Amino acid sequence: MVVPLFSTILVANRGEIALRVARACRELGIRVVAVYSSADRDSAVVRFADESVHIGPAPSKDSYLNIPSIVEAARQTGAQAIHPGYGFLSEDPDFAEICEADGIVFIGPPAAVMQQLGDKAEARRVMGEAGLPVLPGSTGALSSAAEAQDLAEQTGYPVILKAVSGGGGRGMTVVREPAALRSAFNETRAHARAVFGDDRLYLERYVDDARHVEVQVLCDRSGSVVHLGERDCSVQRRHQKLVEESPAPNLPARVREAMWDAAVRGARAVGYVGAGTFEFVVTQDHEFYLMEINCRLQVEHPVTELVTGIDIVREQISIAAGEPLSFTQSDVRCHGVALECRVNAEDPARDFAPAPGELVEFVPPGGPFVRVDTHAYPGWRVGPHYDSLLAKTVTWAPDRSQAITRMDRALSEFKVAGPGVRTTLDFLRQTLAHPLFLTAQHTTGLVAASAAPDTPQQEVPEPTR
Amino acid sequence: MVVPLFSTILVANRGEIALRVARACRELGIRVVAVYSSADRDSAVVRFADESVHIGPAPSKDSYLNIPSIVEAARQTGAQAIHPGYGFLSEDPDFAEICEADGIVFIGPPAAVMQQLGDKAEARRVMGEAGLPVLPGSTGALSSAAEAQDLAEQTGYPVILKAVSGGGGRGMTVVREPAALRSAFNETRAHARAVFGDDRLYLERYVDDARHVEVQVLCDRSGSVVHLGERDCSVQRRHQKLVEESPAPNLPARVREAMWDAAVRGARAVGYVGAGTFEFVVTQDHEFYLMEINCRLQVEHPVTELVTGIDIVREQISIAAGEPLSFTQSDVRCHGVALECRVNAEDPARDFAPAPGELVEFVPPGGPFVRVDTHAYPGWRVGPHYDSLLAKTVTWAPDRSQAITRMDRALSEFKVAGPGVRTTLDFLRQTLAHPLFLTAQHTTGLVAASAAPDTPQQEVPEPTR
Amino acid sequence: MRTDDERPQNSPETAGAGTTDAEAADASGTGALLDAVCRGLAQLARSAPEPPRRIRLQDGQASVEIEWPDPLPGVAGPVPVVVTGDAEQPDEPMNDLHSFVRAPMVGTFYHASSPDAPPFVRVGDLIEPGQPVGVLEAMKMMNTVTAEVGGRVVELIVSNAQPVEFDQSLIALAPVPVDQEV
Amino acid sequence: MRTDDERPQNSPETAGAGTTDAEAADASGTGALLDAVCRGLAQLARSAPEPPRRIRLQDGQASVEIEWPDPLPGVAGPVPVVVTGDAEQPDEPMNDLHSFVRAPMVGTFYHASSPDAPPFVRVGDLIEPGQPVGVLEAMKMMNTVTAEVGGRVVELIVSNAQPVEFDQSLIALAPVPVDQEV
């Protein structure tokens, strides 16, 4: 990349991912503009950035979701491109369109692709046509509870009802018997209307005891599509990923390869551009089915970076600037195993309630083969306004067993303390020590089953990010 | 390594390397005993270790060099092995022998090998016989200034006089003309007598404008010897390494390979066991000559770890326990480029005088492909008793240019502040930005030449560690 | 808008000066915060007509309280001093007696509704709560900026057609004595 | 010798209790904080027209309160305040009036020169500076341990043949009044 890409990029996000993106810009010699809400005046990315713009008060809807303020901030600072990170505006096709209309490059897929894949029923249809395995279910939105009932009879129970505009584990209900379908349909529809402003639902067969495996793809504007292998994200709590790893353990090579092929085929089918993730559910028999496609950077992208050596954010920026991919599929080689643990400011003893407060002490782990992505520092006040992700700890090792012991070592030396502050550090260590995890026999039900062994597992294998 | 190695290891060191070793022990499931002087009560390794023993007052000679206290501490805590780190007792054959006699495994080469290679004239002789290239010069200790003069006439000027028991850049003098030889001989001998208690000297041809390249080897007890590639350590200030990288840039493959072969041959010749480093001087014409062999872990081992994926400390422990190497030479593959910068608590504006004090603020860099090895934390008081190494920042990237920009990014976000505290962070960034470094045209004279372009370069290519 | 030029760097040059160094530490350290608070307190105590009787300072779990003896009878009563946790934003160009009309979002601030129109307000004007005082353009939408409180305009801090960020002070208002109220 | 059991961990269980949590934080932050507070306080106290009547300092569960008596009419003089930053080493079993013979290195402490010999000292003995009080074995070498100061032996803290680390208190001595000196 000898050609200058952009001279200035605005990072339309906060927290660890804003810093992550800012670091990539800095390494590319690109000036970084941070935007911040009133709650984030002293944030790490504000301290890091070349310039910062105050875009609104603490509530996200008035700051990190405030499109006019963000677009104006880009204009005022001369930013030629906006990186949306994950969450917030990262999957908003309208925002991508507004940027394009304003001559600002949106670092992500084209608005039309985001629009198409954001409609989960439509994504299901398009990908099914492209030959990707989808679970038996509806081909479009359901018109009535009666239609849902007929379909459920055909696919067999359990089934899952999902909001067409949902995703990320919200707006979905598992139905285990015909008697429960009608009320589930009505409730899910009401919920979808309230939350997404779109009450359309669709229905799929539901798979118990499944694993969550996703494939990372990178696609440039000239149509090159490569995958960067897969990640297993089966350790979840209420659809929130907690631990991710690459490669997926305990998965036959032919299954892994078939998933890679499926993701590449899917990306080609819609003319995907940028970094994207194809999320699959994998059954105990190693059958896999597409769940959804995420048109953005994932929280867990570092595990892929550590096994491939590829800086995914750097590639996103390069692709957005119109550069062709600097490598082909055969250049992508995966080495060893990488594991990520999300350290949240939550209190496991109080049902993982957010536990914000000032970080009097904050000493992240270091040393061999440990990477920490965090926006926290001593004195930083974890606020109540945003998600509770405090730090991502990532370890690499030649094999899975060493990656796990290394992670346990890293978490053991992570010091976080402050009045009111609690973290998931110990909970994560307990999870890593679970026999099912150690032997890679776990499914998305692991955490729920560990917490309450007698409760029937009802986890849905779809996380927020 | 399914067999338990040791149940307890005592780490006979302090600072970042003590923590580094302790981390490896923890990952192997081995109990860690730290030892500390009165100045290091609150040190990171004491906080990290399973158990700690106070071994003496602040001065090193009464604590970290206090063999009886350390051996007793190992006995009291049931440690089966001692890891000496680097510096302090790490190259003391007597200490290794005492450990062996006491039934404690010294994690390092056999005492006899350390003894032989610690005598620099003897090492020169043995390695010359083994076919390694040594610079023209004396075959043993010099008996008189007259003998030195005769030899210098044969080899040609400039020559360098070195103490037989010296090493690490101390006890050596470069002589550029015959008239200066006699007084240099007498002064160096007096210095050697005072510092090492051994006034024997030897003489070699001296090479100006050289590079310092070293090869890392690992040898198990059964005679397997592998190399882990080379490191370029040419960025030095008064024989102290500041920046190290792997692989050595701008070095033809045949030269690199010949150096690997030489190191492996040398290790075999003396029955080397453990981790060791063969240091070479490399001329502008890519001729290379052995300088010395270091019978211990090097400060800069992380760059080799990041390009090979091999945890060198873990391997040291495994070898000491009698395990065979778990890989062969063909399993060792180097990927990308790793760069290390030593961040010292020194004031570049005051001739790099140590600048100790309390670290009110200490926020190390993080994010993609950055490793930090440090014992510092907010509130830690950098004392005046020991060396000024505060943190090693290591970056990895697919190529050298990216590794450098990544390092610059990492150093730019490293926050260290406190009353009286100064660091070499900015000096390192300036050094990385030097055109000679960027194009890998630099020699060991780089820093001296940058600081004072008119001063003739008199750097001796031998660092402490 | 903050630029990196305003922030201290860990360079030897800036770190060389003791004060700059201390400022660098300020960014995070509680010690510096306390120094600032203490300085502020001392000023407050001096500026008040009476010395304080009790000062209580709290930061997280830590708190400090100082109480002075009761003044002698006949001498004026104690003056309550309240110290709140968050310090005022230091970037205010005016003293505390003024209030400010602030930018409700990022955009470009205009004094008038069009280039030909007269400005909404001028220095010296008395304005009422809710009165329009300018427009803020963001993404080609014109948003009317109104005053939340009334007062006399003492300064148009932001000149016409200047970009502003959220919460930036646009106009300074002086409070109006009761008998002068509009 | 410190074991990890003594140190708080960042587990939810221990972190649940405010004190443990605060103690963990103490290691690095509080010292500097307290220093700063004390400096600030001293300045404040100096700048006020009157000396303070009460100072209360709290950090987590620990708190210190100093109260001065109400000044007598006519008497005004300032009261000196001394606040020491560092707490005493908490591992001393004795109070400050005692002095200790400490281990000069790591080893095994013996009360007598051999199993059959009488102990060097017994509780109640008066000892002089420089007097041998035990032996410390390290690497099979016997090192005589002598008292630096004299006093009456009040406790043999370390029992016979027990491993000790550097600077560990071996024997507690009470000061001897002048008229009783040996």
# chains A, B, ... in the order shown; residues from 1 in each chain; ligands from 1
>>> interface_residues(of="chain A", to="chain B", cutoff="8 Å", atoms="only C-alpha atoms", output="PyMOL selection string")
chain A and resi 20+23+26-28+48+302+305-306+309-311+363+366-374+377-378+397-398+402+405-406+408-409+413
>>> select_by_dssp(residues="segment 84-228 of chain A", states="helix (DSSP H, G or I)", output="PyMOL selection string")
chain A and resi 93-101+111-118+120-129+145-155+178-196
>>> closest_atom_pairs(of="chain A", to="chain D", cutoff="12 Å", atoms="only C-alpha atoms", output="tab-separated table")
residue	atom	partner	partner_atom	distance
A:Ala345	CA	D:Pro12	CA	11.2
A:Glu346	CA	D:Pro12	CA	9.8
A:Asp347	CA	D:Pro12	CA	7.3
A:Pro348	CA	D:Pro12	CA	7.3
A:Ala349	CA	D:Pro12	CA	7.2
A:Arg350	CA	D:Pro12	CA	10.2
A:Phe352	CA	D:Pro12	CA	11.0
A:Ala355	CA	D:Gly16	CA	11.1
A:Glu358	CA	D:Ala25	CA	11.5
A:Leu359	CA	D:Ala25	CA	9.2
A:Val360	CA	D:Ala25	CA	6.3
A:Glu361	CA	D:Ala25	CA	5.6
A:Phe362	CA	D:Ala25	CA	9.0
A:Val363	CA	D:Ser28	CA	10.6
A:Pro378	CA	D:Gly29	CA	9.3
A:Gly379	CA	D:Gly29	CA	9.9
A:Leu411	CA	D:Asn10	CA	9.5
A:Ser412	CA	D:Asn10	CA	8.0
A:Glu413	CA	D:Asn10	CA	8.7
A:Phe414	CA	D:Asn10	CA	7.9
A:Lys415	CA	D:Asn10	CA	6.4
A:Val416	CA	D:Asn10	CA	6.9
A:Ala417	CA	D:Ala25	CA	6.1
A:Gly418	CA	D:Asp21	CA	7.0
A:Pro419	CA	D:Gly18	CA	7.2
A:Gly420	CA	D:Gly18	CA	8.0
A:Val421	CA	D:Ala15	CA	8.4
A:Arg422	CA	D:Pro12	CA	6.7
A:Thr423	CA	D:Pro12	CA	7.2
A:Thr424	CA	D:Pro12	CA	7.7
A:Leu425	CA	D:Ser11	CA	7.1
A:Asp426	CA	D:Ser11	CA	5.2
A:Phe427	CA	D:Pro12	CA	8.0
A:Leu428	CA	D:Ser11	CA	10.5
A:Arg429	CA	D:Ser11	CA	9.8
A:Gln430	CA	D:Ser11	CA	10.6
>>> select_by_dssp(residues="segment 50-230 of chain B", states="strand (DSSP E)", output="ChimeraX atom specification")
/B:51-56,81-83,105-106,159-167,170-175,201-205,211-219,225-230
>>> write_last_selection(atoms="C-alpha atoms", output="PDB file, in the first residue's frame")
ATOM      1  CA  GLU B  51       5.406 -17.787  47.463  1.00  0.00           C
ATOM      2  CA  SER B  52       8.147 -15.214  48.042  1.00  0.00           C
ATOM      3  CA  VAL B  53      11.306 -15.149  50.115  1.00  0.00           C
ATOM      4  CA  HIS B  54      13.060 -12.006  51.277  1.00  0.00           C
ATOM      5  CA  ILE B  55      16.719 -12.750  50.558  1.00  0.00           C
ATOM      6  CA  GLY B  56      18.615  -9.624  51.466  1.00  0.00           C
ATOM      7  CA  ALA B  81      14.959 -26.061  40.168  1.00  0.00           C
ATOM      8  CA  ILE B  82      16.241 -22.497  39.943  1.00  0.00           C
ATOM      9  CA  HIS B  83      15.859 -20.279  36.901  1.00  0.00           C
ATOM     10  CA  VAL B 105      18.466 -28.255  38.978  1.00  0.00           C
ATOM     11  CA  PHE B 106      20.103 -25.140  37.571  1.00  0.00           C
ATOM     12  CA  VAL B 159      42.723  -4.169  16.976  1.00  0.00           C
ATOM     13  CA  ILE B 160      40.754  -4.667  20.153  1.00  0.00           C
ATOM     14  CA  LEU B 161      42.122  -5.735  23.526  1.00  0.00           C
ATOM     15  CA  LYS B 162      39.675  -7.730  25.630  1.00  0.00           C
ATOM     16  CA  ALA B 163      39.698  -9.155  29.134  1.00  0.00           C
ATOM     17  CA  VAL B 164      39.533 -12.943  29.154  1.00  0.00           C
ATOM     18  CA  SER B 165      36.967 -12.804  31.951  1.00  0.00           C
ATOM     19  CA  GLY B 166      35.176  -9.815  30.498  1.00  0.00           C
ATOM     20  CA  GLY B 167      32.225  -9.704  28.188  1.00  0.00           C
ATOM     21  CA  ARG B 170      33.210  -4.163  29.555  1.00  0.00           C
ATOM     22  CA  GLY B 171      36.971  -4.562  29.792  1.00  0.00           C
ATOM     23  CA  MET B 172      37.833  -3.811  26.183  1.00  0.00           C
ATOM     24  CA  THR B 173      39.736  -1.148  24.311  1.00  0.00           C
ATOM     25  CA  VAL B 174      39.978  -0.426  20.595  1.00  0.00           C
ATOM     26  CA  VAL B 175      43.515   0.447  19.452  1.00  0.00           C
ATOM     27  CA  LEU B 201      43.892 -10.141  28.049  1.00  0.00           C
ATOM     28  CA  TYR B 202      43.579 -11.298  24.466  1.00  0.00           C
ATOM     29  CA  LEU B 203      43.612  -9.446  21.182  1.00  0.00           C
ATOM     30  CA  GLU B 204      41.596  -9.526  17.979  1.00  0.00           C
ATOM     31  CA  ARG B 205      41.333  -7.610  14.776  1.00  0.00           C
ATOM     32  CA  ARG B 211      26.515  -5.208  12.503  1.00  0.00           C
ATOM     33  CA  HIS B 212      25.718  -7.382  15.477  1.00  0.00           C
ATOM     34  CA  VAL B 213      23.802 -10.513  14.563  1.00  0.00           C
ATOM     35  CA  GLU B 214      23.232 -13.414  16.914  1.00  0.00           C
ATOM     36  CA  VAL B 215      21.802 -16.903  16.533  1.00  0.00           C
ATOM     37  CA  GLN B 216      19.537 -18.484  19.131  1.00  0.00           C
ATOM     38  CA  VAL B 217      20.028 -22.188  19.789  1.00  0.00           C
ATOM     39  CA  LEU B 218      18.138 -24.730  21.865  1.00  0.00           C
ATOM     40  CA  CYS B 219      19.804 -28.016  22.812  1.00  0.00           C
ATOM     41  CA  VAL B 225      20.490 -29.034  18.615  1.00  0.00           C
ATOM     42  CA  VAL B 226      18.202 -26.640  16.773  1.00  0.00           C
ATOM     43  CA  HIS B 227      18.551 -22.959  15.963  1.00  0.00           C
ATOM     44  CA  LEU B 228      15.655 -20.513  16.060  1.00  0.00           C
ATOM     45  CA  GLY B 229      16.995 -18.146  13.453  1.00  0.00           C
ATOM     46  CA  GLU B 230      18.891 -14.965  14.096  1.00  0.00           C
TER      47      GLU B 230
END
>>> atom_distance(atom1="atom CA of His301 of chain A", atom2="atom CA of Gly108 of chain A")
14.8 Å
>>> residues_around(residues="segment 103-114 of chain D", least_positions_apart="4", cutoff="7 Å", atoms="only C-alpha atoms", output="ChimeraX atom specification")
/B:55-56,69,72-73 /D:118-120,134-138,160-170
